[in-house]
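Asks: The structure's right below; bear with me while I get my questions together.
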Amino acid sequence: QVQLVESGGGLVRAGGSLRLSCAASGSFFRINTMGWYRQAPGKQRELVATVTSGGSLNYADSVKGRFTISRDNAKNTAYLEMNSLKPEDTAVYYCNAEVSRFGIAWGQGTQVFVSS
C-alpha cells in the first residue's frame with residue numbers, strides 16, 4: 001500500500017506564492033514518476049507538472065515559468081513551488097505517483113484559492 005499526503009494549500013492573492021508538498025508513505029519498492037494535477041470546479045482534472053526519478057521534468061504550458069516541481073527521493077516527497085499565482089490557478093491540487101509493483105497512487109487533494 002502507498003499513501004500520498006499533500007499539504008501547503010491555502011488562500012493567496014494574485015501574484016503570490018505557495019509551496020505544496022506530497023509525502024509518500026507505506027510499503028513499496030520504488031516510486032518512479034511523481035506529479036501534480038489539478039481540478040477546477042466544473043472542469044476535468046489536468047496535468048500540472050511531473051518529475052521522474054531521474055529528474056526529468058514536464059510542465060503544462062499554462063504554468064511554465066511560474067511553477068517548479070522537484071522531489072527528494074530520500075524522503076519520497078515531491079514539491080510544487082508556485083509563483084506569480086493567478087485566479088485561474090484556483091483548483092484542488094492532487095499529488096500522483098507511479099509506484100513499481102503497485103500502480104498509480106493519488107493523494108486526497110489540497111485546495112488552492114487565488115483571489116484577484
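Residues in the C-alpha cells are named by chain (A, B, ... in the order shown) and by number from 1 within that chain; ligands are numbered from 1 in the order shown.
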Counting only C-alpha atoms, what is within 9 Å of region 97-103 of chain A, bar same-chain residues fewer than 4 positions away, as a compact mmCIF listing (two decimals) with N, CA, C and O atoms, in the first residue's frame?

Replies:
# COMPACT_ATOMS: atom_id res chain seq x y z
N GLN A 1 0.83 -1.20 0.00
CA GLN A 1 0.00 0.00 0.00
C GLN A 1 0.86 1.24 0.00
O GLN A 1 1.92 1.29 0.61
N VAL A 2 0.37 2.27 -0.70
CA VAL A 2 1.05 3.56 -0.77
C VAL A 2 0.06 4.64 -0.41
O VAL A 2 -1.06 4.66 -0.92
N LEU A 4 -0.34 8.86 -0.21
CA LEU A 4 0.20 10.17 -0.56
C LEU A 4 -0.56 11.23 0.23
O LEU A 4 -1.80 11.25 0.19
N ALA A 24 5.02 10.52 0.39
CA ALA A 24 4.59 9.14 0.19
C ALA A 24 5.01 8.28 1.37
O ALA A 24 6.13 8.42 1.87
N PHE A 28 6.51 0.04 -0.23
CA PHE A 28 6.61 0.00 -1.67
C PHE A 28 8.06 -0.18 -2.07
O PHE A 28 8.98 0.07 -1.29
N PHE A 29 8.23 -0.61 -3.34
CA PHE A 29 9.56 -0.89 -3.84
C PHE A 29 10.26 0.38 -4.30
O PHE A 29 11.35 0.72 -3.86
N ARG A 30 9.62 1.07 -5.23
CA ARG A 30 10.23 2.28 -5.79
C ARG A 30 9.15 3.17 -6.38
O ARG A 30 8.20 2.70 -6.99
N ILE A 31 9.33 4.48 -6.21
CA ILE A 31 8.46 5.44 -6.85
C ILE A 31 9.13 5.94 -8.12
O ILE A 31 10.26 6.42 -8.06
N ASN A 32 8.46 5.81 -9.22
CA ASN A 32 9.01 6.27 -10.48
C ASN A 32 8.63 7.73 -10.68
O ASN A 32 9.18 8.60 -10.04
N THR A 33 7.67 8.03 -11.51
CA THR A 33 7.27 9.41 -11.75
C THR A 33 6.34 9.91 -10.64
O THR A 33 5.46 9.18 -10.18
N MET A 34 6.56 11.13 -10.22
CA MET A 34 5.64 11.83 -9.31
C MET A 34 5.12 13.06 -10.03
O MET A 34 5.84 13.66 -10.85
N GLY A 35 3.92 13.43 -9.74
CA GLY A 35 3.36 14.56 -10.45
C GLY A 35 2.28 15.28 -9.67
O GLY A 35 1.83 14.82 -8.62
N TRP A 36 1.93 16.42 -10.19
CA TRP A 36 0.84 17.22 -9.65
C TRP A 36 -0.20 17.44 -10.74
O TRP A 36 0.14 17.74 -11.88
N GLY A 107 -3.19 11.29 -4.04
CA GLY A 107 -3.44 11.90 -2.74
C GLY A 107 -4.88 12.37 -2.65
O GLY A 107 -5.65 12.26 -3.60

Asks: Would you mind writing down, as a VMD selection string, each residue of region 20-111 of chain A that DSSP on the backbone assigns to strand (DSSP E or B)?

Replies: chain A and resid 20 to 26 31 to 39 46 to 51 57 to 59 67 to 72 77 to 82 91 to 99 103 to 106 110 to 111

Asks: If you count only C-alpha atoms, which residues fall within 10 Å of Ala49 (chain A), apart from same-chain ones fewer than 4 positions away, as a list in words?

Replies: Met34, Gly35, Trp36, Tyr37, Arg38, Leu57, Asn58, Tyr59, Ala60, Asp61, Val63, Lys64, Phe67, Thr68, Ile69, Ser70, Leu80 and Cys95 of chain A

Asks: For Gly15 (chain A), which of A:Val51, A:Ala78, A:Leu85, A:Val112 is the closest residue, counting only C-alpha atoms?

Replies: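 Checking each candidate against Gly15 (chain A), we get A:Leu85 as the closest.
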
Asks: Smallest atom-to-atom distance to Ser27 (chain A): which of A:Lys43, A:Asp89, A:Gly10, A:Asn76, using only C-alpha atoms?

Replies: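 Result for the nearest residue to Ser27 (chain A): A:Asn76.
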